[in-house]
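One file, query22.csv, is given below (CSV, N, CA and C atoms).
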chain,number,residue,atom,x,y,z
A,243,MET,N,55.3,62.7,64.6
A,243,MET,CA,56.6,62.5,65.1
A,243,MET,C,57.5,62.0,64.0
A,244,GLU,N,57.0,61.1,63.1
A,244,GLU,CA,57.9,60.5,62.1
A,244,GLU,C,58.5,61.6,61.2
A,245,GLN,N,57.6,62.6,60.8
A,245,GLN,CA,58.1,63.6,59.9
A,245,GLN,C,59.2,64.5,60.6
A,246,TYR,N,59.0,64.7,61.9
A,246,TYR,CA,59.9,65.4,62.7
A,246,TYR,C,61.3,64.7,62.7
A,247,ILE,N,61.2,63.4,62.9
A,247,ILE,CA,62.5,62.6,62.9
A,247,ILE,C,63.1,62.6,61.5
A,248,VAL,N,62.3,62.5,60.5
A,248,VAL,CA,62.9,62.5,59.1
A,248,VAL,C,63.6,63.8,58.9
A,249,THR,N,63.0,64.9,59.2
A,249,THR,CA,63.5,66.2,59.0
A,249,THR,C,64.8,66.4,59.9
A,250,ASN,N,64.7,66.2,61.1
A,250,ASN,CA,65.8,66.5,62.0
A,250,ASN,C,67.0,65.5,62.0
A,251,ALA,N,66.7,64.3,61.5
A,251,ALA,CA,67.8,63.3,61.3
A,251,ALA,C,68.3,63.2,59.9
A,252,CYS,N,67.6,64.1,59.0
A,252,CYS,CA,68.0,64.1,57.6
A,252,CYS,C,67.9,62.8,56.9
A,253,LEU,N,66.9,62.1,57.2
A,253,LEU,CA,66.7,60.7,56.6
A,253,LEU,C,66.3,60.9,55.1
A,254,THR,N,66.8,60.1,54.3
A,254,THR,CA,66.4,60.0,52.9
A,254,THR,C,65.1,59.2,52.8
A,255,PRO,N,64.3,59.3,51.8
A,255,PRO,CA,63.1,58.5,51.6
A,255,PRO,C,63.5,57.0,51.8
A,256,PHE,N,64.6,56.6,51.2
A,256,PHE,CA,65.0,55.2,51.2
A,256,PHE,C,65.3,54.8,52.7
A,257,GLU,N,66.0,55.6,53.4
A,257,GLU,CA,66.4,55.3,54.8
A,257,GLU,C,65.1,55.3,55.7
A,258,ALA,N,64.2,56.2,55.5
A,258,ALA,CA,62.9,56.2,56.2
A,258,ALA,C,62.1,55.0,55.9
A,259,GLU,N,62.1,54.5,54.7
A,259,GLU,CA,61.3,53.3,54.3
A,259,GLU,C,61.9,52.1,55.0
A,260,LYS,N,63.2,52.0,55.2
A,260,LYS,CA,63.8,50.9,55.9
A,260,LYS,C,63.6,51.0,57.4
A,261,PHE,N,63.7,52.2,57.9
A,261,PHE,CA,63.8,52.4,59.4
A,261,PHE,C,62.4,52.4,60.1
A,262,PHE,N,61.4,53.0,59.5
A,262,PHE,CA,60.2,53.2,60.3
A,262,PHE,C,59.4,52.0,60.6
A,263,PRO,N,59.4,50.9,59.7
A,263,PRO,CA,58.6,49.7,60.1
A,263,PRO,C,59.2,49.1,61.4
A,264,VAL,N,60.6,49.1,61.5
A,264,VAL,CA,61.2,48.6,62.7
A,264,VAL,C,61.0,49.5,63.9
A,265,TYR,N,61.0,50.8,63.7
A,265,TYR,CA,60.8,51.8,64.7
A,265,TYR,C,59.3,51.6,65.3
A,266,ARG,N,58.4,51.5,64.4
A,266,ARG,CA,57.0,51.3,64.8
A,266,ARG,C,56.8,50.0,65.6
A,267,ASP,N,57.5,49.0,65.2
A,267,ASP,CA,57.4,47.7,66.0
A,267,ASP,C,58.0,47.9,67.4
A,268,MET,N,59.1,48.6,67.5
A,268,MET,CA,59.6,48.9,68.9
A,268,MET,C,58.6,49.6,69.7
A,269,HIS,N,58.0,50.6,69.1
A,269,HIS,CA,57.0,51.4,69.9
A,269,HIS,C,55.8,50.6,70.3
A,270,LYS,N,55.3,49.7,69.5
A,270,LYS,CA,54.2,48.9,69.9
A,270,LYS,C,54.6,48.1,71.1
A,271,LYS,N,55.8,47.5,71.1
A,271,LYS,CA,56.2,46.7,72.3
A,271,LYS,C,56.3,47.6,73.5
A,272,MET,N,56.8,48.8,73.3
A,272,MET,CA,57.0,49.7,74.5
A,272,MET,C,55.7,50.2,75.0
A,273,GLN,N,54.7,50.5,74.1
A,273,GLN,CA,53.4,50.9,74.5
A,273,GLN,C,52.7,49.9,75.4
A,274,ALA,N,52.8,48.7,75.1
A,274,ALA,CA,52.2,47.6,75.9
A,274,ALA,C,52.8,47.7,77.4
A,275,LEU,N,54.1,47.9,77.5
A,275,LEU,CA,54.7,48.0,78.8
A,275,LEU,C,54.2,49.3,79.5
A,276,PHE,N,54.1,50.4,78.8
A,276,PHE,CA,53.7,51.7,79.4
A,276,PHE,C,52.3,51.5,79.9
A,277,ARG,N,51.4,50.8,79.2
A,277,ARG,CA,50.1,50.6,79.7
A,277,ARG,C,50.1,49.8,81.1
A,278,LYS,N,51.0,48.8,81.2
A,278,LYS,CA,51.1,48.1,82.4
A,278,LYS,C,51.6,49.0,83.5
A,279,MET,N,52.6,49.8,83.2
A,279,MET,CA,53.2,50.7,84.2
A,279,MET,C,52.1,51.7,84.7
A,280,LYS,N,51.3,52.1,83.8
A,280,LYS,CA,50.3,53.1,84.2
A,280,LYS,C,49.3,52.5,85.3
A,281,TRP,N,49.0,51.2,85.1
A,281,TRP,CA,48.1,50.6,86.1
A,281,TRP,C,48.7,50.6,87.5
A,282,TYR,N,50.0,50.4,87.6
A,282,TYR,CA,50.7,50.4,88.9
A,282,TYR,C,50.7,51.8,89.6
A,283,ARG,N,50.5,52.8,88.9
A,283,ARG,CA,50.6,54.2,89.4
A,283,ARG,C,49.3,54.5,90.2
A,284,HIS,N,48.3,53.6,90.1
A,284,HIS,CA,47.0,53.8,90.8
A,284,HIS,C,46.9,53.0,92.1
A,285,VAL,N,48.0,52.6,92.7
A,285,VAL,CA,48.1,51.9,93.9
A,285,VAL,C,47.6,52.7,95.1
A,286,ASP,N,47.0,52.1,96.0
A,286,ASP,CA,46.6,52.8,97.3
A,286,ASP,C,47.9,53.1,98.1
A,287,THR,N,48.2,54.4,98.2
A,287,THR,CA,49.5,54.9,98.8
A,287,THR,C,49.5,54.7,100.3
A,288,SER,N,48.3,54.3,100.9
A,288,SER,CA,48.3,54.1,102.3
A,288,SER,C,48.6,52.6,102.6
A,289,ASN,N,48.8,51.8,101.6
A,289,ASN,CA,49.1,50.4,101.7
A,289,ASN,C,50.6,50.2,101.3
A,290,ASP,N,51.4,50.1,102.3
A,290,ASP,CA,52.9,50.0,102.1
A,290,ASP,C,53.3,48.8,101.3
A,291,LYS,N,52.6,47.7,101.6
A,291,LYS,CA,52.9,46.4,100.9
A,291,LYS,C,52.6,46.5,99.5
A,292,ALA,N,51.4,47.0,99.1
A,292,ALA,CA,51.0,47.2,97.7
A,292,ALA,C,51.9,48.2,97.0
A,293,CYS,N,52.3,49.2,97.7
A,293,CYS,CA,53.2,50.2,97.1
A,293,CYS,C,54.6,49.6,96.8
A,294,ALA,N,55.1,48.8,97.8
A,294,ALA,CA,56.4,48.2,97.6
A,294,ALA,C,56.4,47.2,96.4
A,295,GLU,N,55.3,46.5,96.2
A,295,GLU,CA,55.1,45.6,95.1
A,295,GLU,C,55.0,46.4,93.8
A,296,ALA,N,54.3,47.5,93.8
A,296,ALA,CA,54.1,48.3,92.6
A,296,ALA,C,55.4,48.9,92.2
A,297,ILE,N,56.2,49.4,93.2
A,297,ILE,CA,57.5,50.0,92.9
A,297,ILE,C,58.4,48.9,92.2
A,298,ALA,N,58.4,47.7,92.8
A,298,ALA,CA,59.2,46.6,92.2
A,298,ALA,C,58.8,46.3,90.8
A,299,LYS,N,57.5,46.2,90.6
A,299,LYS,CA,57.0,45.9,89.2
A,299,LYS,C,57.3,47.1,88.2
A,300,MET,N,57.2,48.3,88.7
A,300,MET,CA,57.5,49.4,87.8
A,300,MET,C,59.0,49.4,87.5
A,301,ASP,N,59.9,49.1,88.4
A,301,ASP,CA,61.3,49.0,88.2
A,301,ASP,C,61.6,47.9,87.1
A,302,GLU,N,60.9,46.7,87.3
A,302,GLU,CA,61.0,45.6,86.3
A,302,GLU,C,60.6,46.1,84.9
A,303,ILE,N,59.5,46.8,84.8
A,303,ILE,CA,59.1,47.3,83.5
A,303,ILE,C,60.1,48.3,82.9
A,304,ASP,N,60.6,49.2,83.8
A,304,ASP,CA,61.7,50.2,83.3
A,304,ASP,C,62.8,49.4,82.7
A,305,ILE,N,63.3,48.3,83.3
A,305,ILE,CA,64.4,47.5,82.8
A,305,ILE,C,64.0,46.9,81.5
A,306,LYS,N,62.8,46.3,81.4
A,306,LYS,CA,62.3,45.7,80.2
A,306,LYS,C,62.3,46.8,79.0
A,307,LEU,N,61.8,48.0,79.4
A,307,LEU,CA,61.8,49.1,78.4
A,307,LEU,C,63.2,49.4,77.8
A,308,LYS,N,64.1,49.5,78.8
A,308,LYS,CA,65.5,49.8,78.4
A,308,LYS,C,66.1,48.7,77.5
A,309,LYS,N,65.8,47.4,77.9
A,309,LYS,CA,66.3,46.3,77.1
A,309,LYS,C,65.7,46.3,75.7
A,310,ILE,N,64.4,46.6,75.6
A,310,ILE,CA,63.8,46.8,74.2
A,310,ILE,C,64.5,47.8,73.4
A,311,GLN,N,64.7,49.0,74.0
A,311,GLN,CA,65.4,50.1,73.4
A,311,GLN,C,66.8,49.6,72.9
A,312,GLN,N,67.5,49.0,73.8
A,312,GLN,CA,68.9,48.5,73.5
A,312,GLN,C,68.9,47.5,72.3
A,313,SER,N,68.0,46.6,72.3
A,313,SER,CA,67.9,45.6,71.2
A,313,SER,C,67.5,46.3,69.9
A,314,TYR,N,66.6,47.2,69.9
A,314,TYR,CA,66.2,47.9,68.7
A,314,TYR,C,67.2,48.9,68.2
A,315,HIS,N,67.9,49.5,69.1
A,315,HIS,CA,69.0,50.4,68.7
A,315,HIS,C,70.1,49.6,67.9
A,316,ALA,N,70.3,48.4,68.4
A,316,ALA,CA,71.3,47.6,67.7
A,316,ALA,C,70.8,47.2,66.3
A,317,ARG,N,69.4,47.0,66.2
A,317,ARG,CA,68.8,46.7,64.8
A,317,ARG,C,68.9,48.0,64.0
A,318,PHE,N,68.6,49.1,64.6
A,318,PHE,CA,68.7,50.4,63.8
A,318,PHE,C,70.1,50.6,63.2
A,319,ILE,N,71.1,50.3,64.0
A,319,ILE,CA,72.5,50.5,63.5
A,319,ILE,C,72.8,49.6,62.4
A,320,LYS,N,72.1,48.4,62.3
A,320,LYS,CA,72.3,47.6,61.1
A,320,LYS,C,71.6,48.1,59.9
A,321,LEU,N,70.6,49.0,60.1
A,321,LEU,CA,69.9,49.6,58.9
A,321,LEU,C,70.5,50.9,58.5
A,322,LEU,N,71.0,51.7,59.4
A,322,LEU,CA,71.5,53.0,59.1
A,322,LEU,C,72.8,53.3,59.8
A,323,PRO,N,73.5,54.3,59.3
A,323,PRO,CA,74.8,54.6,60.0
A,323,PRO,C,74.5,55.0,61.5
A,324,ALA,N,75.4,54.7,62.4
A,324,ALA,CA,75.3,55.1,63.8
A,324,ALA,C,75.0,56.5,64.0
A,325,GLY,N,75.6,57.4,63.2
A,325,GLY,CA,75.4,58.8,63.4
A,325,GLY,C,74.0,59.2,63.1
A,326,LYS,N,73.3,58.6,62.1
A,326,LYS,CA,71.9,58.8,61.8
A,326,LYS,C,71.1,58.3,63.0
A,327,VAL,N,71.4,57.2,63.5
A,327,VAL,CA,70.6,56.6,64.6
A,327,VAL,C,70.7,57.6,65.8
A,328,MET,N,71.9,58.1,66.1
A,328,MET,CA,72.0,59.1,67.2
A,328,MET,C,71.2,60.3,66.9
A,329,LEU,N,71.1,60.8,65.7
A,329,LEU,CA,70.3,61.9,65.3
A,329,LEU,C,68.8,61.6,65.5
A,330,ILE,N,68.4,60.4,65.2
A,330,ILE,CA,67.0,59.9,65.4
A,330,ILE,C,66.7,59.9,66.9
A,331,ILE,N,67.6,59.4,67.7
A,331,ILE,CA,67.4,59.3,69.2
A,331,ILE,C,67.2,60.8,69.7
A,332,LYS,N,68.1,61.7,69.3
A,332,LYS,CA,68.0,63.0,69.8
A,332,LYS,C,66.8,63.7,69.3
A,333,ALA,N,66.4,63.5,68.0
A,333,ALA,CA,65.1,64.1,67.5
A,333,ALA,C,63.9,63.6,68.3
A,334,GLU,N,63.9,62.3,68.6
A,334,GLU,CA,62.7,61.8,69.4
A,334,GLU,C,62.7,62.4,70.7
A,335,ASP,N,63.8,62.5,71.4
A,335,ASP,CA,63.8,63.2,72.7
A,335,ASP,C,63.4,64.6,72.7
A,336,GLU,N,63.9,65.3,71.7
A,336,GLU,CA,63.5,66.7,71.5
A,336,GLU,C,62.0,66.9,71.2
A,337,PHE,N,61.5,66.0,70.4
A,337,PHE,CA,60.1,66.0,70.1
A,337,PHE,C,59.2,65.9,71.3
A,338,HIS,N,59.6,64.9,72.2
A,338,HIS,CA,58.8,64.7,73.4
A,338,HIS,C,59.0,65.8,74.4
A,339,ARG,N,60.2,66.4,74.5
A,339,ARG,CA,60.4,67.6,75.3
A,339,ARG,C,59.5,68.8,74.9
A,340,LYS,N,59.5,69.0,73.6
A,340,LYS,CA,58.6,70.1,73.1
A,340,LYS,C,57.1,69.8,73.3
A,341,ALA,N,56.7,68.6,73.1
A,341,ALA,CA,55.3,68.2,73.3
A,341,ALA,C,55.0,68.4,74.8
A,342,PHE,N,55.9,68.0,75.7
A,342,PHE,CA,55.6,68.2,77.1
A,342,PHE,C,55.5,69.7,77.5
A,343,ARG,N,56.4,70.5,76.9
A,343,ARG,CA,56.3,72.0,77.2
A,343,ARG,C,55.0,72.6,76.7
A,344,ARG,N,54.5,72.1,75.5
A,344,ARG,CA,53.3,72.6,75.0
A,344,ARG,C,52.1,72.3,75.9
A,345,VAL,N,52.1,71.1,76.4
A,345,VAL,CA,51.1,70.7,77.4
A,345,VAL,C,51.1,71.5,78.6
A,346,MET,N,52.3,71.7,79.2
A,346,MET,CA,52.5,72.5,80.4
A,346,MET,C,52.1,73.9,80.1
A,347,LYS,N,52.4,74.5,79.0
A,347,LYS,CA,52.0,75.9,78.7
A,347,LYS,C,50.5,76.0,78.6
A,348,ARG,N,49.8,75.0,77.9
A,348,ARG,CA,48.4,75.0,77.8
A,348,ARG,C,47.7,75.0,79.1
A,349,GLN,N,48.3,74.2,80.1
A,349,GLN,CA,47.7,74.1,81.4
A,349,GLN,C,48.1,75.2,82.3
A,350,GLY,N,48.9,76.2,81.8
A,350,GLY,CA,49.3,77.3,82.6
A,350,GLY,C,50.4,77.0,83.7
A,351,MET,N,51.1,75.9,83.5
A,351,MET,CA,52.1,75.5,84.5
A,351,MET,C,53.4,76.2,84.2
A,352,PRO,N,54.2,76.5,85.2
A,352,PRO,CA,55.5,77.1,85.0
A,352,PRO,C,56.5,76.1,84.3
A,353,LYS,N,57.5,76.7,83.6
A,353,LYS,CA,58.5,75.8,83.0
A,353,LYS,C,59.2,75.1,84.1
A,354,PRO,N,59.7,73.9,83.8
A,354,PRO,CA,60.4,73.1,84.8
A,354,PRO,C,61.6,73.9,85.5
A,355,THR,N,62.2,74.8,84.7
A,355,THR,CA,63.3,75.6,85.3
A,355,THR,C,62.8,76.7,86.2
A,356,GLU,N,61.5,77.0,86.1
A,356,GLU,CA,60.9,78.0,87.0
A,356,GLU,C,60.3,77.4,88.3
A,357,MET,N,60.2,76.1,88.3
A,357,MET,CA,59.6,75.5,89.4
A,357,MET,C,60.5,75.4,90.7
A,358,HIS,N,61.8,75.4,90.5
A,358,HIS,CA,62.8,75.3,91.6
A,358,HIS,C,63.8,76.5,91.5
A,359,PRO,N,64.0,77.2,92.6
A,359,PRO,CA,64.9,78.3,92.5
A,359,PRO,C,66.3,77.9,92.3
Now, as a test, write the supplied structure out as structure tokens.
Amino acid sequence: MEQYIVTNACLTPFEAEKFFPVYRDMHKKMQALFRKMKWYRHVDTSNDKACAEAIAKMDEIDIKLKKIQQSYHARFIKLLPAGKVMLIIKAEDEFHRKAFRRVMKRQGMPKPTEMHP
């Protein structure tokens, strides 16, 4: 993914060298929260109390994830021009969308646009 970001955001080697250590740190923090969230997805759906608690916890984690992103985006803007940071955000989103489509295609699933008329 890093090479994809470098290419699509047109980062120079110097910019990439400054940016990616901070970016990797952000992703480490986010991964820890994603692991927690994954645990809550295995709740017994016949237990409404457990489901309500899991939903509340997942919402809390979503907010924490967004706060991490917000804080790191501010750090990124101190390292790089805001236009480059926006290109990085777009490149990361595009990378994940393409990866999702590849998985869907391998599994023989229809494109999301084909799922609903």
List every protein, DNA or RNA residue that has at least one atom no more than 7 Å from (50.1, 49.4, 85.5) in the file's coordinates, counting only N, CA and C atoms, and write the result as an NGL selection string. :A and (276-284)
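Of note, CA of Ala316 (chain A) and atom N of Ala298 (chain A) are spaced 28.2 Å apart.
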Which of these residues is nearest to Lys260 (chain A), using all atoms listed in the file: A:Met243, A:Asn289, A:Tyr314, A:Leu321?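 Smallest separation from Lys260 (chain A) among the options: A:Leu321.
If you measure from each of A:Ala251, A:Glu244, A:Glu257, A:Ile297 to Leu329 (chain A) using all atoms listed in the file, the closest one turns out to be A:Ala251.
With only C-alpha atoms as the atoms that count, the minimum distance from Val264 (chain A) to the choices A:Asp286, A:Lys320, A:Lys299, A:Lys308 is reached by A:Lys320.
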What is the distance, in Å and to one decimal place, between atom N of Thr254 (chain A) and CA of Phe337 (chain A)? 18.1 Å
Point (65.5, 65.9, 65.0) neighbourhood (7 Å, all atoms listed in the file) written as a PDB file with N, CA and C atoms, in the frame of the given file:
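Wrote result26.pdb, looks like this:
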ATOM      1  N   TYR A 246      59.000  64.700  61.900  1.00  0.00           N
ATOM      2  CA  TYR A 246      59.900  65.400  62.700  1.00  0.00           C
ATOM      3  C   TYR A 246      61.300  64.700  62.700  1.00  0.00           C
ATOM      4  N   ILE A 247      61.200  63.400  62.900  1.00  0.00           N
ATOM      5  CA  ILE A 247      62.500  62.600  62.900  1.00  0.00           C
ATOM      6  C   ILE A 247      63.100  62.600  61.500  1.00  0.00           C
ATOM      7  N   VAL A 248      62.300  62.500  60.500  1.00  0.00           N
ATOM      8  CA  VAL A 248      62.900  62.500  59.100  1.00  0.00           C
ATOM      9  C   VAL A 248      63.600  63.800  58.900  1.00  0.00           C
ATOM     10  N   THR A 249      63.000  64.900  59.200  1.00  0.00           N
ATOM     11  CA  THR A 249      63.500  66.200  59.000  1.00  0.00           C
ATOM     12  C   THR A 249      64.800  66.400  59.900  1.00  0.00           C
ATOM     13  N   ASN A 250      64.700  66.200  61.100  1.00  0.00           N
ATOM     14  CA  ASN A 250      65.800  66.500  62.000  1.00  0.00           C
ATOM     15  C   ASN A 250      67.000  65.500  62.000  1.00  0.00           C
ATOM     16  N   ALA A 251      66.700  64.300  61.500  1.00  0.00           N
ATOM     17  CA  ALA A 251      67.800  63.300  61.300  1.00  0.00           C
ATOM     18  C   ALA A 251      68.300  63.200  59.900  1.00  0.00           C
ATOM     19  N   CYS A 252      67.600  64.100  59.000  1.00  0.00           N
ATOM     20  CA  CYS A 252      68.000  64.100  57.600  1.00  0.00           C
ATOM     21  C   CYS A 252      67.900  62.800  56.900  1.00  0.00           C
ATOM     22  N   LEU A 329      71.100  60.800  65.700  1.00  0.00           N
ATOM     23  CA  LEU A 329      70.300  61.900  65.300  1.00  0.00           C
ATOM     24  C   LEU A 329      68.800  61.600  65.500  1.00  0.00           C
ATOM     25  N   ILE A 330      68.400  60.400  65.200  1.00  0.00           N
ATOM     26  CA  ILE A 330      67.000  59.900  65.400  1.00  0.00           C
ATOM     27  C   ILE A 330      66.700  59.900  66.900  1.00  0.00           C
ATOM     28  N   LYS A 332      68.100  61.700  69.300  1.00  0.00           N
ATOM     29  CA  LYS A 332      68.000  63.000  69.800  1.00  0.00           C
ATOM     30  C   LYS A 332      66.800  63.700  69.300  1.00  0.00           C
ATOM     31  N   ALA A 333      66.400  63.500  68.000  1.00  0.00           N
ATOM     32  CA  ALA A 333      65.100  64.100  67.500  1.00  0.00           C
ATOM     33  C   ALA A 333      63.900  63.600  68.300  1.00  0.00           C
ATOM     34  N   GLU A 334      63.900  62.300  68.600  1.00  0.00           N
ATOM     35  CA  GLU A 334      62.700  61.800  69.400  1.00  0.00           C
ATOM     36  C   GLU A 334      62.700  62.400  70.700  1.00  0.00           C
ATOM     37  N   GLU A 336      63.900  65.300  71.700  1.00  0.00           N
ATOM     38  CA  GLU A 336      63.500  66.700  71.500  1.00  0.00           C
ATOM     39  C   GLU A 336      62.000  66.900  71.200  1.00  0.00           C
ATOM     40  N   PHE A 337      61.500  66.000  70.400  1.00  0.00           N
ATOM     41  CA  PHE A 337      60.100  66.000  70.100  1.00  0.00           C
ATOM     42  C   PHE A 337      59.200  65.900  71.300  1.00  0.00           C
TER      43      PHE A 337
END
To one decimal in Å, tell me the separation between atom N of Asp304 (chain A) and atom N of Lys271 (chain A).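 A separation of 13.7 Å between them.
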Could you give me the residues within region 247-356 of chain A that DSSP places in helix (DSSP H, G or I), as a PyMOL selection string? chain A and resi 247-250+255-282+290-321+324-348+354-356
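Take the candidates A:Leu307, A:Ile319, A:Ile331, A:Ala341 and check each one against Gln273 (chain A) using only C-alpha atoms; the shortest distance goes to A:Leu307.
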Measuring between all atoms listed in the file, which one of A:Val285, A:Leu275, A:Cys293, A:Leu253 shows the shortest distance to Lys306 (chain A)? A:Leu275
